[in-house]
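What follows is the content of query_25.cif, which has mmCIF, C-alpha atoms and all ligand atoms:
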data_input
loop_
_atom_site.label_atom_id
_atom_site.label_comp_id
_atom_site.auth_asym_id
_atom_site.auth_seq_id
_atom_site.Cartn_x
_atom_site.Cartn_y
_atom_site.Cartn_z
CA MET A 710 0.92 -34.10 8.26
CA TRP A 711 1.13 -30.37 7.54
CA TYR A 712 3.21 -28.25 5.19
CA PHE A 713 4.52 -24.72 5.43
CA VAL A 714 5.20 -23.32 1.98
CA SER A 715 6.88 -20.02 1.22
CA PRO A 716 8.78 -18.41 -1.62
CA GLN A 717 12.15 -16.88 -0.93
CA ILE A 718 11.10 -13.43 0.29
CA VAL A 719 13.19 -10.31 -0.36
CA PHE A 720 11.72 -7.42 1.62
CA GLY A 721 12.27 -3.85 2.72
CA GLU A 722 12.98 -0.67 0.81
CA GLY A 723 15.29 -1.45 -2.10
CA ALA A 724 14.21 -5.10 -2.36
CA LEU A 725 13.58 -4.58 -6.07
CA ASP A 726 17.38 -4.56 -6.52
CA ALA A 727 17.19 -8.35 -6.22
CA LEU A 728 16.08 -8.36 -9.84
CA ASP A 729 19.48 -7.01 -10.94
CA GLU A 730 21.07 -10.40 -10.26
CA LEU A 731 18.46 -12.49 -12.03
CA GLN A 732 19.70 -15.10 -14.52
CA GLY A 733 17.63 -15.59 -17.65
CA HIS A 734 16.62 -14.32 -21.09
CA ARG A 735 13.00 -13.18 -21.23
CA ALA A 736 10.45 -12.14 -18.62
CA LEU A 737 6.72 -11.85 -19.15
CA VAL A 738 5.21 -9.38 -16.68
CA GLY A 739 1.51 -9.84 -15.92
CA THR A 740 0.06 -6.58 -14.65
CA ASP A 741 -2.70 -4.01 -15.20
CA ALA A 742 -2.86 -0.81 -17.25
CA THR A 743 -2.95 1.49 -14.19
CA LEU A 744 0.38 0.17 -12.98
CA VAL A 745 1.91 0.81 -16.40
CA GLN A 746 0.62 4.41 -16.22
CA LEU A 747 1.90 4.86 -12.68
CA GLY A 748 5.41 3.94 -13.85
CA LEU A 749 5.68 0.84 -11.64
CA VAL A 750 6.25 -1.41 -14.66
CA ASP A 751 9.08 0.88 -15.81
CA ARG A 752 10.74 0.49 -12.41
CA VAL A 753 10.79 -3.27 -12.88
CA LYS A 754 12.07 -2.86 -16.44
CA ALA A 755 15.02 -0.75 -15.25
CA HIS A 756 16.12 -3.61 -12.99
CA LEU A 757 15.55 -6.33 -15.60
CA ASP A 758 17.60 -4.24 -18.07
CA LYS A 759 20.49 -4.38 -15.59
CA ALA A 760 20.14 -8.15 -15.49
CA GLY A 761 20.14 -8.28 -19.30
CA ILE A 762 16.64 -9.77 -19.36
CA GLU A 763 14.25 -8.74 -22.11
CA MET A 764 10.84 -7.75 -20.72
CA ARG A 765 7.42 -8.20 -22.33
CA VAL A 766 4.23 -6.92 -20.71
CA PHE A 767 0.70 -8.33 -20.57
CA ASP A 768 -1.27 -5.50 -18.97
CA ALA A 769 -4.88 -6.55 -19.60
CA VAL A 770 -5.58 -7.91 -16.10
CA GLU A 771 -8.78 -6.50 -14.60
CA PRO A 772 -9.68 -6.43 -10.88
CA ASP A 773 -10.91 -9.93 -9.94
CA PRO A 774 -9.42 -11.51 -13.07
CA SER A 775 -11.52 -13.75 -15.28
CA VAL A 776 -10.59 -17.08 -16.84
CA GLN A 777 -10.83 -15.41 -20.29
CA THR A 778 -8.17 -12.84 -19.36
CA VAL A 779 -5.90 -15.63 -18.18
CA CYS A 780 -6.38 -17.43 -21.52
CA GLN A 781 -5.30 -14.27 -23.38
CA GLY A 782 -2.24 -14.06 -21.18
CA VAL A 783 -1.39 -17.71 -21.90
CA GLN A 784 -1.45 -16.94 -25.66
CA VAL A 785 1.06 -14.14 -25.08
CA ALA A 786 3.25 -16.45 -22.99
CA ARG A 787 3.28 -19.02 -25.80
CA GLU A 788 4.49 -16.33 -28.24
CA VAL A 789 7.07 -14.80 -25.87
CA GLU A 790 8.39 -18.09 -24.41
CA PRO A 791 9.58 -16.47 -21.15
CA ASP A 792 11.87 -18.16 -18.66
CA TRP A 793 10.48 -15.87 -15.92
CA VAL A 794 6.85 -14.97 -15.32
CA VAL A 795 6.44 -11.92 -13.09
CA GLY A 796 3.18 -11.10 -11.32
CA LEU A 797 3.28 -7.36 -10.66
CA GLY A 798 0.36 -5.68 -8.93
CA GLY A 799 -2.31 -6.23 -6.41
CA GLY A 800 -3.79 -9.67 -5.92
CA SER A 801 -5.49 -9.54 -9.31
CA PRO A 802 -2.38 -9.38 -11.54
CA ILE A 803 -0.49 -11.72 -9.20
CA ASP A 804 -3.24 -14.35 -9.37
CA ALA A 805 -3.56 -13.92 -13.14
CA ALA A 806 0.21 -14.29 -13.56
CA LYS A 807 0.19 -17.46 -11.44
CA ALA A 808 -2.55 -18.96 -13.61
CA ILE A 809 -0.87 -17.84 -16.86
CA TRP A 810 2.35 -19.47 -15.70
CA VAL A 811 0.66 -22.76 -14.77
CA LEU A 812 -1.22 -23.00 -18.08
CA TYR A 813 1.89 -21.99 -20.08
CA GLU A 814 3.72 -24.86 -18.37
CA ARG A 815 0.78 -27.22 -18.71
CA PRO A 816 -1.06 -26.55 -22.02
CA ASP A 817 -3.08 -29.73 -21.45
CA LEU A 818 -4.89 -28.19 -18.44
CA GLU A 819 -7.83 -25.82 -18.07
CA ALA A 820 -7.76 -23.25 -15.28
CA ALA A 821 -10.59 -25.00 -13.38
CA GLU A 822 -8.51 -28.20 -13.27
CA ILE A 823 -5.81 -26.66 -11.08
CA ASN A 824 -6.19 -28.29 -7.66
CA PRO A 825 -4.05 -29.28 -4.69
CA PHE A 826 -4.24 -33.02 -5.31
CA VAL A 827 -2.69 -33.44 -8.77
CA PRO A 828 1.07 -32.88 -9.22
CA LEU A 829 1.62 -30.13 -11.80
CA GLY A 830 5.32 -30.62 -12.59
CA LEU A 831 5.90 -26.90 -12.93
CA ARG A 832 9.22 -25.10 -13.64
CA GLN A 833 10.00 -26.95 -16.88
CA LYS A 834 9.82 -23.71 -18.87
CA ALA A 835 9.82 -20.79 -16.46
CA ARG A 836 9.87 -19.69 -12.85
CA LEU A 837 7.68 -17.21 -11.00
CA ILE A 838 8.40 -13.90 -9.27
CA THR A 839 5.70 -11.94 -7.45
CA ILE A 840 5.89 -8.22 -6.68
CA PRO A 841 2.93 -6.82 -4.70
CA THR A 842 1.87 -3.20 -5.21
CA THR A 843 -0.93 -3.34 -2.62
CA SER A 844 -0.48 -4.24 1.06
CA GLY A 845 -3.26 -6.73 1.46
CA THR A 846 -3.83 -9.99 -0.35
CA GLY A 847 -0.62 -11.84 0.48
CA ALA A 848 -1.02 -13.45 -2.96
CA GLU A 849 2.72 -12.93 -3.44
CA VAL A 850 3.39 -15.76 -0.98
CA THR A 851 0.31 -17.99 -1.16
CA TRP A 852 -0.17 -20.94 -3.48
CA ALA A 853 -3.78 -20.01 -4.09
CA ILE A 854 -5.29 -18.45 -7.20
CA VAL A 855 -8.69 -16.73 -7.18
CA LEU A 856 -10.29 -16.38 -10.61
CA THR A 857 -13.77 -15.16 -11.46
CA ASP A 858 -16.17 -17.20 -13.55
CA THR A 859 -17.95 -14.25 -15.16
CA GLN A 860 -20.81 -16.33 -16.55
CA GLU A 861 -21.65 -17.90 -13.21
CA GLN A 862 -20.80 -14.68 -11.30
CA ARG A 863 -18.78 -16.59 -8.78
CA LYS A 864 -15.19 -16.76 -7.63
CA MET A 865 -13.21 -19.97 -8.05
CA GLY A 866 -10.58 -20.84 -5.46
CA LEU A 867 -7.79 -22.82 -7.18
CA GLY A 868 -4.39 -23.81 -5.93
CA ASN A 869 -1.51 -26.21 -5.61
CA ARG A 870 1.57 -26.01 -3.40
CA GLU A 871 3.84 -25.95 -6.48
CA ILE A 872 2.37 -22.54 -7.37
CA ALA A 873 4.13 -20.70 -4.52
CA ALA A 874 6.47 -18.26 -6.26
CA ASP A 875 10.22 -18.82 -6.48
CA MET A 876 10.76 -15.30 -5.19
CA ALA A 877 8.48 -12.67 -3.68
CA ILE A 878 9.84 -9.12 -3.76
CA VAL A 879 8.08 -7.14 -1.02
CA ASP A 880 9.32 -3.58 -1.55
CA PRO A 881 7.17 -0.89 0.12
CA VAL A 882 8.11 1.61 -2.56
CA MET A 883 5.78 -0.28 -4.91
CA ALA A 884 2.79 0.34 -2.60
CA ALA A 885 3.65 3.89 -1.54
CA GLY A 886 1.38 5.55 -4.10
CA MET A 887 -1.83 3.76 -3.10
CA PRO A 888 -4.68 6.23 -2.48
CA PRO A 889 -6.33 6.14 0.98
CA GLY A 890 -9.38 4.10 -0.11
CA LEU A 891 -7.27 1.35 -1.66
CA THR A 892 -4.95 1.41 1.36
CA ALA A 893 -7.97 0.89 3.63
CA ASP A 894 -9.56 -1.87 1.53
CA THR A 895 -6.39 -3.88 1.10
CA GLY A 896 -5.32 -3.36 4.73
CA LEU A 897 -8.62 -4.85 5.87
CA ASP A 898 -7.93 -7.86 3.66
CA ALA A 899 -4.64 -8.37 5.50
CA LEU A 900 -6.44 -8.06 8.85
CA THR A 901 -9.08 -10.57 7.77
CA HIS A 902 -6.37 -13.04 6.71
CA ALA A 903 -4.63 -12.58 10.05
CA ILE A 904 -7.76 -13.05 12.19
CA GLU A 905 -9.24 -15.85 10.09
CA GLY A 906 -5.86 -17.59 9.78
CA TYR A 907 -5.46 -17.49 13.57
CA THR A 908 -8.98 -18.66 14.38
CA CYS A 909 -9.72 -21.22 11.66
CA THR A 910 -9.55 -24.87 12.59
CA TRP A 911 -6.52 -25.43 10.33
CA HIS A 912 -4.25 -22.99 12.17
CA THR A 913 -0.90 -24.45 13.29
CA ASP A 914 2.11 -23.60 15.44
CA MET A 915 3.81 -22.43 12.23
CA THR A 916 1.08 -19.95 11.32
CA ASP A 917 -0.12 -18.55 14.68
CA GLY A 918 2.75 -16.14 15.28
CA LEU A 919 2.60 -14.74 11.77
CA CYS A 920 -1.14 -14.09 12.02
CA LEU A 921 -0.92 -12.53 15.45
CA ASN A 922 1.97 -10.28 14.48
CA ALA A 923 0.17 -9.19 11.32
CA ALA A 924 -3.10 -8.40 13.17
CA ARG A 925 -1.23 -6.32 15.73
CA ALA A 926 0.58 -4.40 12.97
CA VAL A 927 -2.62 -3.68 11.03
CA PHE A 928 -4.40 -2.27 14.10
CA GLU A 929 -1.39 -0.05 14.77
CA PHE A 930 -0.33 1.05 11.30
CA LEU A 931 -3.38 0.93 9.02
CA PRO A 932 -4.99 4.14 10.35
CA ARG A 933 -1.65 5.90 9.95
CA ALA A 934 -1.15 4.56 6.42
CA VAL A 935 -4.65 5.77 5.43
CA ALA A 936 -4.08 9.19 7.03
CA ASP A 937 -0.63 9.76 5.56
CA GLY A 938 0.50 7.45 2.78
CA SER A 939 3.83 9.25 2.44
CA ASP A 940 5.19 7.85 5.72
CA MET A 941 7.49 5.15 4.38
CA GLU A 942 8.05 3.47 7.73
CA VAL A 943 4.31 2.94 8.08
CA ARG A 944 4.03 1.75 4.47
CA GLU A 945 6.81 -0.77 5.10
CA ARG A 946 5.17 -2.13 8.26
CA MET A 947 1.85 -2.57 6.42
CA HIS A 948 3.55 -4.18 3.41
CA ASN A 949 5.32 -6.67 5.69
CA ALA A 950 2.13 -7.28 7.69
CA ALA A 951 0.24 -8.22 4.53
CA THR A 952 2.94 -10.71 3.55
CA CYS A 953 3.05 -12.19 7.08
CA ALA A 954 -0.72 -12.57 7.05
CA GLY A 955 -0.46 -14.19 3.61
CA LEU A 956 2.03 -16.75 4.94
CA GLY A 957 -0.20 -17.29 7.97
CA PHE A 958 -3.56 -17.84 6.34
CA GLY A 959 -1.99 -19.31 3.18
CA ASN A 960 -0.57 -22.17 5.24
CA ALA A 961 -3.79 -22.52 7.25
CA LEU A 962 -6.99 -21.21 5.67
CA ALA A 963 -9.33 -18.25 5.95
CA SER A 964 -12.96 -18.63 7.08
CA MET A 965 -16.54 -17.48 6.71
CA ALA A 966 -15.76 -13.79 6.12
CA HIS A 967 -13.84 -14.83 3.02
CA ALA A 968 -16.56 -17.21 1.87
CA MET A 969 -19.19 -14.46 2.26
CA GLY A 970 -16.90 -11.78 0.84
CA HIS A 971 -16.14 -13.84 -2.27
CA ALA A 972 -19.87 -14.30 -2.90
CA LEU A 973 -20.61 -10.59 -2.37
CA GLY A 974 -17.63 -9.47 -4.43
CA ALA A 975 -18.48 -11.65 -7.42
CA MET A 976 -22.15 -10.58 -7.40
CA PHE A 977 -21.92 -6.87 -6.56
CA HIS A 978 -18.31 -6.03 -7.52
CA VAL A 979 -17.40 -4.94 -4.02
CA PRO A 980 -13.55 -4.85 -3.91
CA HIS A 981 -12.16 -7.96 -2.23
CA GLY A 982 -10.71 -6.35 0.89
CA ARG A 983 -13.81 -4.23 1.54
CA ALA A 984 -16.07 -7.27 1.03
CA VAL A 985 -14.22 -9.57 3.42
CA GLY A 986 -13.52 -6.77 5.93
CA VAL A 987 -17.19 -5.88 6.19
CA CYS A 988 -18.07 -9.53 6.91
CA LEU A 989 -15.31 -10.01 9.49
CA PRO A 990 -16.98 -8.73 12.70
CA TYR A 991 -20.13 -10.76 11.94
CA THR A 992 -18.00 -13.87 11.44
CA VAL A 993 -16.30 -13.28 14.78
CA GLU A 994 -19.64 -12.74 16.55
CA PHE A 995 -21.23 -15.82 15.03
CA ALA A 996 -18.32 -18.01 16.12
CA ALA A 997 -18.23 -16.31 19.54
CA ARG A 998 -21.43 -18.04 20.70
CA GLU A 999 -20.15 -21.61 20.28
CA ALA A 1000 -16.43 -21.41 19.68
CA PRO A 1001 -15.09 -18.31 21.40
CA GLY A 1002 -11.73 -19.77 22.47
CA ARG A 1003 -9.33 -18.67 19.76
CA PHE A 1004 -11.06 -15.32 19.26
CA ALA A 1005 -10.82 -14.59 22.98
CA GLU A 1006 -7.18 -15.63 22.99
CA MET A 1007 -6.45 -13.30 20.10
CA ALA A 1008 -8.41 -10.46 21.73
CA ALA A 1009 -6.33 -10.90 24.90
CA LEU A 1010 -3.03 -11.06 23.02
CA LEU A 1011 -3.98 -7.92 21.09
CA GLY A 1012 -4.86 -6.18 24.35
CA CYS A 1013 -8.52 -5.59 23.38
CA THR A 1014 -9.97 -6.72 26.69
CA GLN A 1015 -9.41 -8.47 30.02
CA ALA A 1016 -12.71 -10.37 29.60
CA GLU A 1017 -12.90 -14.05 28.66
CA GLY A 1018 -14.97 -16.28 26.39
CA GLU A 1019 -17.78 -14.85 24.31
CA ALA A 1020 -17.45 -11.37 25.81
CA ALA A 1021 -13.80 -11.22 24.75
CA ALA A 1022 -14.61 -12.36 21.20
CA ARG A 1023 -17.29 -9.65 21.04
CA SER A 1024 -14.70 -7.07 22.09
CA LEU A 1025 -12.58 -8.16 19.17
CA ALA A 1026 -15.55 -7.64 16.81
CA ALA A 1027 -16.12 -4.17 18.33
CA ARG A 1028 -12.43 -3.33 17.88
CA ILE A 1029 -12.67 -4.29 14.18
CA ARG A 1030 -15.72 -2.05 13.72
CA ASP A 1031 -13.89 0.83 15.44
CA LEU A 1032 -10.98 0.38 13.05
CA CYS A 1033 -13.35 0.41 10.05
CA ARG A 1034 -14.92 3.66 11.26
CA GLU A 1035 -11.53 5.20 11.88
CA ILE A 1036 -10.35 4.51 8.32
CA GLY A 1037 -13.67 5.39 6.66
CA SER A 1038 -14.59 1.82 5.67
CA PRO A 1039 -18.11 0.40 5.74
CA THR A 1040 -19.24 -1.52 8.82
CA CYS A 1041 -22.20 -3.14 7.08
CA VAL A 1042 -23.03 -4.42 3.60
CA ALA A 1043 -25.53 -1.59 3.04
CA GLU A 1044 -22.75 0.94 3.60
CA ALA A 1045 -20.69 -0.99 1.04
CA GLY A 1046 -23.29 0.08 -1.52
CA VAL A 1047 -25.47 -3.04 -1.80
CA GLU A 1048 -29.20 -2.27 -1.66
CA ARG A 1049 -31.45 -4.46 0.45
CA VAL A 1050 -33.70 -5.45 -2.49
CA ALA A 1051 -30.64 -6.50 -4.49
CA LEU A 1052 -29.29 -8.56 -1.60
CA GLU A 1053 -32.65 -10.26 -1.07
CA ALA A 1054 -33.05 -10.94 -4.78
CA HIS A 1055 -29.72 -12.80 -4.85
CA LEU A 1056 -29.72 -14.23 -1.34
CA ASP A 1057 -30.13 -17.88 -2.37
CA LYS A 1058 -27.16 -17.69 -4.72
CA LEU A 1059 -25.04 -15.77 -2.20
CA VAL A 1060 -25.71 -18.39 0.45
CA ASP A 1061 -25.04 -21.26 -2.00
CA ASP A 1062 -21.79 -19.72 -3.19
CA ALA A 1063 -20.58 -18.93 0.32
CA PHE A 1064 -21.45 -22.47 1.40
CA ASN A 1065 -19.50 -23.98 -1.47
CA ASP A 1066 -16.49 -21.70 -1.05
CA THR A 1067 -13.31 -23.58 -0.08
CA GLN A 1068 -12.68 -21.08 2.76
CA MET A 1069 -15.78 -22.36 4.59
CA VAL A 1070 -14.13 -25.71 5.32
CA ALA A 1071 -12.15 -24.59 8.34
CA THR A 1072 -14.52 -22.07 9.87
CA ALA A 1073 -14.63 -22.21 13.70
CA ARG A 1074 -18.43 -22.60 13.81
CA SER A 1075 -20.22 -23.89 10.73
CA PRO A 1076 -23.53 -22.13 10.03
CA SER A 1077 -26.62 -23.93 8.83
CA TYR A 1078 -28.11 -22.75 5.55
CA ASP A 1079 -30.75 -20.72 7.39
CA GLU A 1080 -28.19 -19.24 9.76
CA LEU A 1081 -26.07 -18.11 6.82
CA ARG A 1082 -29.10 -16.38 5.28
CA GLN A 1083 -29.61 -14.55 8.54
CA ILE A 1084 -25.94 -13.65 8.84
CA PHE A 1085 -26.07 -12.02 5.38
CA MET A 1086 -29.15 -10.02 6.42
CA TYR A 1087 -27.67 -8.95 9.77
CA ALA A 1088 -24.42 -7.99 8.02
CA HIS A 1089 -26.44 -5.93 5.57
CA GLU A 1090 -28.23 -3.99 8.27
CA GLY A 1091 -25.24 -3.71 10.59
CA LYS A 1092 -26.93 -5.71 13.37
CA PRO A 1093 -24.47 -7.56 15.64
CA ILE A 1094 -25.05 -11.33 15.47
CA ASP A 1095 -26.87 -12.57 18.57
CA PHE A 1096 -27.57 -16.23 17.72
N1 LIG B 1101 -4.26 -15.62 -4.18
C1 LIG B 1101 -4.51 -15.24 -2.96
O1 LIG B 1101 -3.99 -15.80 -2.01
C2 LIG B 1101 -5.46 -14.10 -2.74
C3 LIG B 1101 -5.71 -13.65 -1.45
C4 LIG B 1101 -6.59 -12.58 -1.27
C5 LIG B 1101 -7.17 -11.98 -2.38
N2 LIG B 1101 -6.91 -12.44 -3.64
C6 LIG B 1101 -7.52 -11.82 -4.82
O2 LIG B 1101 -6.82 -10.59 -5.08
C7 LIG B 1101 -7.70 -9.70 -5.77
C8 LIG B 1101 -7.71 -8.34 -5.09
O3 LIG B 1101 -6.42 -7.80 -5.11
P1 LIG B 1101 -6.14 -6.33 -4.53
O4 LIG B 1101 -7.06 -6.06 -3.43
O5 LIG B 1101 -4.69 -6.24 -4.29
O6 LIG B 1101 -6.58 -5.36 -5.72
P2 LIG B 1101 -6.41 -5.42 -7.32
O7 LIG B 1101 -5.18 -6.14 -7.71
O8 LIG B 1101 -7.70 -5.92 -7.89
O9 LIG B 1101 -6.23 -3.87 -7.66
C9 LIG B 1101 -7.27 -2.95 -7.40
C10 LIG B 1101 -6.95 -1.61 -8.08
O10 LIG B 1101 -5.85 -0.99 -7.42
C11 LIG B 1101 -4.91 -0.51 -8.39
N3 LIG B 1101 -3.57 -0.51 -7.77
C12 LIG B 1101 -2.80 -1.56 -7.44
N4 LIG B 1101 -1.65 -1.16 -6.88
C13 LIG B 1101 -1.67 0.20 -6.87
C14 LIG B 1101 -0.75 1.20 -6.42
N5 LIG B 1101 0.42 0.89 -5.84
N6 LIG B 1101 -1.11 2.49 -6.58
C15 LIG B 1101 -2.30 2.83 -7.14
N7 LIG B 1101 -3.20 1.93 -7.59
C16 LIG B 1101 -2.89 0.62 -7.46
C17 LIG B 1101 -5.05 -1.47 -9.54
O11 LIG B 1101 -4.59 -0.90 -10.74
C18 LIG B 1101 -6.55 -1.74 -9.54
O12 LIG B 1101 -7.23 -0.75 -10.28
C19 LIG B 1101 -9.07 -10.36 -5.76
O13 LIG B 1101 -9.32 -10.96 -7.01
C20 LIG B 1101 -8.95 -11.40 -4.67
O14 LIG B 1101 -9.85 -12.48 -4.85
C21 LIG B 1101 -6.06 -13.47 -3.82
ZN ZN B 1102 -8.48 -11.97 1.24
#

Can I see the file as structure tokens?
Amino acid sequence: MWYFVSPQIVFGEGALDALDELQGHRALVGTDATLVQLGLVDRVKAHLDKAGIEMRVFDAVEPDPSVQTVCQGVQVAREVEPDWVVGLGGGSPIDAAKAIWVLYERPDLEAAEINPFVPLGLRQKARLITIPTTSGTGAEVTWAIVLTDTQEQRKMGLGNREIAADMAIVDPVMAAGMPPGLTADTGLDALTHAIEGYTCTWHTDMTDGLCLNAARAVFEFLPRAVADGSDMEVRERMHNAATCAGLGFGNALASMAHAMGHALGAMFHVPHGRAVGVCLPYTVEFAAREAPGRFAEMAALLGCTQAEGEAAARSLAARIRDLCREIGSPTCVAEAGVERVALEAHLDKLVDDAFNDTQMVATARSPSYDELRQIFMYAHEGKPIDF
């Protein structure tokens, strides 16, 4: 038995107007300080004012939010007693807002106890709206939460189907001001979701089309979005692609590039999209040796090659590296700023953390411990995987 979970999604330019009709009294917006400065929080306030909803802001969310930050946000929620929680931002504020909402509803729980198997009984006090300001994570539609355990320097994947927002507002205006580097990083996250969602062993008939469509859109529109962020049609296509990829992988799973990227990101503070994007071609090549089928199918559907099997999967990896070069993103972990001595010093922990990451469960070809060590080293040097 499988589920497909999605919020109601309002999308396209002007989607923020949906807030004008909201029923309620008080909204707590979880966001970060940059988005306050950029005026994006004020935009939301203008709409909530029209709806007669009082807005309070918790803007202390850092990139890759920690459990401690979430606990601070829960304190604020207890004071404010909102009937709407709004996650406004990239994946970091959206994930933090999801966790704040769950723990506000369920004061008896700790963040680490949130899991798919225990009913949460949410929506007794408030409901959740998500508004992405990056075109990447898909967190606005997924029921996952990624928090960082700062002491252990590792990312925790939490989630429960009840956490899917009541409404996701996917308005490209909110992402239009992203600088090129952030556009590239987050766009590669969307691509990684699309390719991993399509090729993981948990993919379904419900998720395939979304992933394929999103991958096609990223290859077409990401270079244009990086080159000229003022083109609103391109921004809109990327914003929609990220949400489609979020629905796709969120109702399937990601794979080894996410497991490796989470480990690298938590240890070396490489931004999420850059970390998973840099691991993606190596993940494709590793799977290509033993499980090329889905990769080859995707490569054919994307028009990368007429070849079949492993050769086709390798063409897909080459196409991903070409895209990275075109948008100025790293194609190996060294280029992402991690020194070889640092990688080697932490290799055991990186391999352990990647192995234990929930995203590893549905990977098309499972690596052994030694293989994963080698994959990290190859990915560092930029050597295509040949085993
Ligand atoms: N829950 C999920 O399903 C899921 C999926 C993928 C990733 N994630 C998580 O999401 C986080 C990464 O999110 P992200 O990549 O969106 O970045 P982010 O939310 O960490 O933001 C990165 C930076 O970009 C800035 N920013 C955001 N929007 C902007 C805009 N429109 N203009 C200018 N600056 C802007 C932020 O202020 C911040 O400084 C990671 O913690 C990752 O683990 C969650
Ligand atoms: Zn991701």

Residues within 6 Å of ligand ZN 1102 (chain B), counting only C-alpha atoms and all ligand atoms, as a list in words = Thr846, Asp898 and His902 of chain A

Could you give me, as a ChimeraX atom specification, every polymer residue with an atom at most 7 Å away from an atom of ligand LIG 1101 (chain B), counting all atoms listed in the file? /A:741-744,771-774,798-802,804,842-843,845-848,851-856,883-888,891,894-895,898,955,959,971,980-982

Open item on the list: Give me, as number ranges by chain, all polymer residues having an atom no more than 7 Å from segment 812-825 of chain A, counting all atoms listed in the file and skipping those fewer than 4 positions away in the same chain.
Closed with: A: 776, 783, 786-787, 808, 831, 833-834, 867-870

Just C-alpha atoms for this one: save the residues we selected as a PDB file, in the coordinates of the input.
ATOM      1  CA  VAL A 776     -10.590 -17.080 -16.840  1.00  0.00           C
ATOM      2  CA  VAL A 783      -1.390 -17.710 -21.900  1.00  0.00           C
ATOM      3  CA  ALA A 786       3.250 -16.450 -22.990  1.00  0.00           C
ATOM      4  CA  ARG A 787       3.280 -19.020 -25.800  1.00  0.00           C
ATOM      5  CA  ALA A 808      -2.550 -18.960 -13.610  1.00  0.00           C
ATOM      6  CA  LEU A 831       5.900 -26.900 -12.930  1.00  0.00           C
ATOM      7  CA  GLN A 833      10.000 -26.950 -16.880  1.00  0.00           C
ATOM      8  CA  LYS A 834       9.820 -23.710 -18.870  1.00  0.00           C
ATOM      9  CA  LEU A 867      -7.790 -22.820  -7.180  1.00  0.00           C
ATOM     10  CA  GLY A 868      -4.390 -23.810  -5.930  1.00  0.00           C
ATOM     11  CA  ASN A 869      -1.510 -26.210  -5.610  1.00  0.00           C
ATOM     12  CA  ARG A 870       1.570 -26.010  -3.400  1.00  0.00           C
TER      13      ARG A 870
END

The residue from A:Gly1018, A:Pro990, A:Gly906, A:Gly896 with the smallest atom-to-atom distance to Glu1006 of chain A, counting all atoms listed in the file, is A:Gly1018

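Closest to Glu905 of chain A among A:Val1042, A:Ala923, A:Ile1036, A:Leu829 is A:Ala923, based on all atoms listed in the file.
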
Could you pull out every residue with an atom within 9 Å of (9.5, -8.4, -28.3), file coordinates, counting only C-alpha atoms, and send them as a list in words?
-> Glu763, Met764, Arg765 and Val789 of chain A

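Distance-wise, atom CA of Ala972 of chain A and atom CA of Leu1056 of chain A end up 10.0 Å apart.
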